[in-house]
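> So that you have it, the file is query.pdb, and it contains PDB, C-alpha atoms:
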ATOM      1  CA  GLU A  86     -27.994   6.460  -4.923
ATOM      2  CA  GLN A  87     -24.501   7.855  -4.536
ATOM      3  CA  ALA A  88     -21.696   6.039  -6.338
ATOM      4  CA  ARG A  89     -19.034   4.349  -4.215
ATOM      5  CA  ARG A  90     -15.991   6.539  -3.613
ATOM      6  CA  ARG A  91     -12.750   5.383  -5.181
ATOM      7  CA  ARG A  92     -10.645   3.715  -2.500
ATOM      8  CA  VAL A  93      -7.038   4.830  -2.213
ATOM      9  CA  TYR A  94      -4.638   2.626  -0.260
ATOM     10  CA  VAL A  95      -2.062   4.720   1.619
ATOM     11  CA  CYS A  96       1.344   3.024   1.333
ATOM     12  CA  HIS A  97       3.715   4.644   3.842
ATOM     13  CA  PRO A  98       6.503   3.566   6.233
ATOM     14  CA  PHE A  99       5.451   2.609   9.758
ATOM     15  CA  ALA A 100       7.921   0.804  12.029
ATOM     16  CA  ASN A 101      10.836   3.273  11.948
ATOM     17  CA  ASP A 102       8.742   6.028  13.644
ATOM     18  CA  PRO A 103       5.266   4.756  14.549
ATOM     19  CA  ALA A 104       3.965   7.938  16.207
ATOM     20  CA  GLY A 105       5.334  10.280  13.544
ATOM     21  CA  ASN A 106       4.234   8.033  10.686
ATOM     22  CA  ILE A 107       0.718   7.676  12.089
ATOM     23  CA  GLU A 108       0.430  11.467  12.215
ATOM     24  CA  ARG A 109       1.702  11.823   8.637
ATOM     25  CA  VAL A 110      -0.711   9.126   7.420
ATOM     26  CA  ARG A 111      -3.555  10.899   9.211
ATOM     27  CA  LEU A 112      -2.748  14.135   7.339
ATOM     28  CA  ILE A 113      -2.360  12.307   4.009
ATOM     29  CA  SER A 114      -5.674  10.507   4.607
ATOM     30  CA  ARG A 115      -7.422  13.790   5.350
ATOM     31  CA  GLN A 116      -6.160  15.209   2.041
ATOM     32  CA  ILE A 117      -7.400  12.132   0.162
ATOM     33  CA  LEU A 118     -10.795  12.505   1.858
ATOM     34  CA  ASP A 119     -10.886  16.224   1.001
ATOM     35  CA  ASP A 120     -10.267  15.225  -2.634
ATOM     36  CA  GLY A 121     -13.522  13.221  -2.541
ATOM     37  CA  LEU A 122     -11.854   9.810  -2.282
ATOM     38  CA  MET A 123     -11.880   7.156   0.444
ATOM     39  CA  PRO A 124      -8.505   6.706   2.160
ATOM     40  CA  VAL A 125      -7.663   3.164   3.242
ATOM     41  CA  ALA A 126      -4.954   3.613   5.851
ATOM     42  CA  PRO A 127      -4.318   0.609   8.109
ATOM     43  CA  HIS A 128      -1.678   2.632  10.007
ATOM     44  CA  LEU A 129      -4.519   4.471  11.720
ATOM     45  CA  TYR A 130      -6.112   1.488  13.442
ATOM     46  CA  LEU A 131      -4.173  -1.764  13.038
ATOM     47  CA  PRO A 132      -1.578  -0.786  15.695
ATOM     48  CA  GLN A 133      -4.453  -0.750  18.198
ATOM     49  CA  LEU A 134      -5.337  -4.344  17.304
ATOM     50  CA  VAL A 135      -2.091  -6.062  16.343
ATOM     51  CA  ASP A 136       1.365  -5.822  17.936
ATOM     52  CA  GLU A 137       3.965  -4.667  15.392
ATOM     53  CA  ASP A 138       6.769  -6.671  17.015
ATOM     54  CA  SER A 139       5.143 -10.026  17.737
ATOM     55  CA  GLU A 140       2.382 -10.038  15.093
ATOM     56  CA  ARG A 141       4.030  -8.226  12.183
ATOM     57  CA  GLU A 142       3.249 -10.954   9.642
ATOM     58  CA  GLN A 143      -0.435 -11.000  10.640
ATOM     59  CA  ALA A 144      -0.545  -7.194  10.362
ATOM     60  CA  LEU A 145       0.942  -7.312   6.879
ATOM     61  CA  ARG A 146      -1.535  -9.990   5.748
ATOM     62  CA  LEU A 147      -4.376  -7.772   6.979
ATOM     63  CA  CYS A 148      -2.891  -4.840   5.046
ATOM     64  CA  LEU A 149      -2.739  -6.945   1.878
ATOM     65  CA  ASP A 150      -6.378  -7.978   2.361
ATOM     66  CA  LEU A 151      -7.357  -4.308   2.631
ATOM     67  CA  LEU A 152      -5.243  -3.391  -0.369
ATOM     68  CA  ALA A 153      -7.202  -5.910  -2.465
ATOM     69  CA  THR A 154     -10.398  -3.896  -1.843
ATOM     70  CA  CYS A 155      -8.874  -0.683  -3.247
ATOM     71  CA  ASP A 156      -8.933   1.014  -6.634
ATOM     72  CA  GLU A 157      -5.428   2.465  -6.480
ATOM     73  CA  VAL A 158      -2.334   2.726  -4.291
ATOM     74  CA  ARG A 159      -0.487   5.915  -3.376
ATOM     75  CA  VAL A 160       3.070   5.576  -2.127
ATOM     76  CA  HIS A 161       4.072   8.498   0.084
ATOM     77  CA  GLY A 162       7.533   9.603   1.086
ATOM     78  CA  ASP A 163      10.919   8.890  -0.436
ATOM     79  CA  ARG A 164      11.610   5.571   1.265
ATOM     80  CA  VAL A 165      10.155   2.138   0.461
ATOM     81  CA  THR A 166      10.358  -0.355   3.321
ATOM     82  CA  GLU A 167      10.238  -4.146   3.084
ATOM     83  CA  GLY A 168       6.547  -4.143   4.060
ATOM     84  CA  MET A 169       5.786  -1.491   1.441
ATOM     85  CA  GLU A 170       7.609  -3.594  -1.176
ATOM     86  CA  ARG A 171       5.260  -6.489  -0.398
ATOM     87  CA  GLU A 172       2.263  -4.178  -0.729
ATOM     88  CA  LEU A 173       3.558  -2.931  -4.089
ATOM     89  CA  ARG A 174       4.116  -6.475  -5.386
ATOM     90  CA  GLU A 175       0.536  -7.321  -4.407
ATOM     91  CA  ALA A 176      -0.786  -4.155  -6.079
ATOM     92  CA  LYS A 177       1.042  -5.122  -9.274
ATOM     93  CA  ARG A 178      -0.329  -8.676  -9.090
ATOM     94  CA  LEU A 179      -3.855  -7.253  -8.731
ATOM     95  CA  GLY A 180      -3.344  -4.785 -11.577
ATOM     96  CA  LEU A 181      -3.918  -1.718  -9.384
ATOM     97  CA  ARG A 182      -2.714   1.721 -10.421
ATOM     98  CA  VAL A 183       0.218   2.860  -8.264
ATOM     99  CA  HIS A 184       1.103   6.535  -7.834
ATOM    100  CA  PHE A 185       4.303   7.721  -6.169
ATOM    101  CA  VAL A 186       3.838  10.961  -4.210
ATOM    102  CA  ARG A 187       7.209  12.454  -3.347
ATOM    103  CA  GLU A 188       6.053  15.188  -1.004
ATOM    104  CA  VAL A 189       4.747  14.216   2.406
ATOM    105  CA  LEU A 190       2.075  16.400   3.953
ATOM    106  CA  ALA A 191       3.389  17.328   7.371
TER     107      ALA A 191
END
What does this structure look like when you write it as C-alpha cells?

Amino acid sequence: EQARRRRVYVCHPFANDPAGNIERVRLISRQILDDGLMPVAPHLYLPQLVDEDSEREQALRLCLDLLATCDEVRVHGDRVTEGMERELREAKRLGLRVHFVREVLA
C-alpha cells in the first residue's frame, strides 16, 4: 500500500486579485504535485462555494480546518495579508513547519 503523500497547505493572498491569485495558486499547486506532494489549496475551489464578501469569516474557518489536516505550510509571495496571518498563527499553534517561498511561479 502506498504511503500517504505529505500535504502542503498553500498560503497565498486572495482578495486583492482573485483571478490572478487563483492562477498563481494553480501553478504553485502543480509544482507541489510535480514534487510528489499533495497541495492543499482552498483558493482553487472555495470561491465557488463561499462568497468572499459576505461569507469571508466562514471561508477562513474552512481554510483553518483544511490547514489542520496538513503536514506543512508554504507561504508564497512577498506579502502577508490579514487572512494569511491567521493561517500562520494557526499553523504555529498546531506546530506545523512553515516555509516562506519568495519567488512566485507565474
> Please indicate the distance in Å from atom CA of Val158 of chain A to atom CA of Arg91 of chain A, rounded to one decimal place.
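According to the coordinates, atom CA of Val158 of chain A and atom CA of Arg91 of chain A are separated by 10.8 Å.
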> When you count only C-alpha atoms, which of these residues is closest to Tyr94 of chain A: A:Thr166, A:Thr154, A:Gln143, A:Asn106?
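Result for the nearest residue to Tyr94 of chain A: A:Thr154.
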> Which of these, A:Leu129, A:Val160, A:Leu152, A:Leu118, has the shortest distance to Ala176 of chain A once you count all atoms listed in the file?
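Checking each candidate against Ala176 of chain A, we get A:Leu152 as the closest.
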> Which residue, A:Pro132, A:Ile117, A:Arg92, A:Ala100, has the smallest gap to Gly168 of chain A when you use all atoms listed in the file?
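When distances to Gly168 of chain A are compared using all atoms listed in the file, the smallest one comes from A:Ala100.
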> Looking at all atoms listed in the file, which of A:Cys155, A:Val93, A:Val183, A:Leu173 is the one that sits closest to Met123 of chain A?
A:Val93
> Go ahead and compute the interatomic distance for atom CA of Ala88 of chain A and atom CA of Ile107 of chain A, in Å to one decimal.
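Rounded to one decimal, the two atoms are 29.1 Å apart.
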> Go ahead and compute the interatomic distance for atom CA of Phe99 of chain A and atom CA of His128 of chain A, in Å to one decimal.
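Going from atom CA of Phe99 of chain A over to atom CA of His128 of chain A covers 7.1 Å.
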> May I ask which of the residues A:Leu181, A:Arg90, A:Arg111, A:Glu137 is the closest one to Arg159 of chain A, counting only C-alpha atoms?
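Among A:Leu181, A:Arg90, A:Arg111, A:Glu137, it is A:Leu181 that comes nearest to Arg159 of chain A.
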> A:Val165, A:Ile113, A:Gly121, A:Arg187: which is nearest Asn101 of chain A, counting all atoms listed in the file?
A:Val165
> Just want the 12 Å neighbourhood of Arg178 of chain A, counted on only C-alpha atoms, with same-chain residues fewer than 6 positions away dropped. Output as a PDB file with C-alpha atoms, in the frame of the given file.

ATOM      1  CA  LEU A 149      -2.739  -6.945   1.878  1.00  0.00           C
ATOM      2  CA  LEU A 152      -5.243  -3.391  -0.369  1.00  0.00           C
ATOM      3  CA  ALA A 153      -7.202  -5.910  -2.465  1.00  0.00           C
ATOM      4  CA  ARG A 171       5.260  -6.489  -0.398  1.00  0.00           C
ATOM      5  CA  GLU A 172       2.263  -4.178  -0.729  1.00  0.00           C
TER       6      GLU A 172
END
> Identify the residues around (-6.0, 1.1, 9.4) within a radius of 10 Å, measuring from all atoms listed in the file in the coordinates stated by the file, and give them as a ChimeraX atom specification.
/A:94-95,107,110,124-134,144,147-148,151
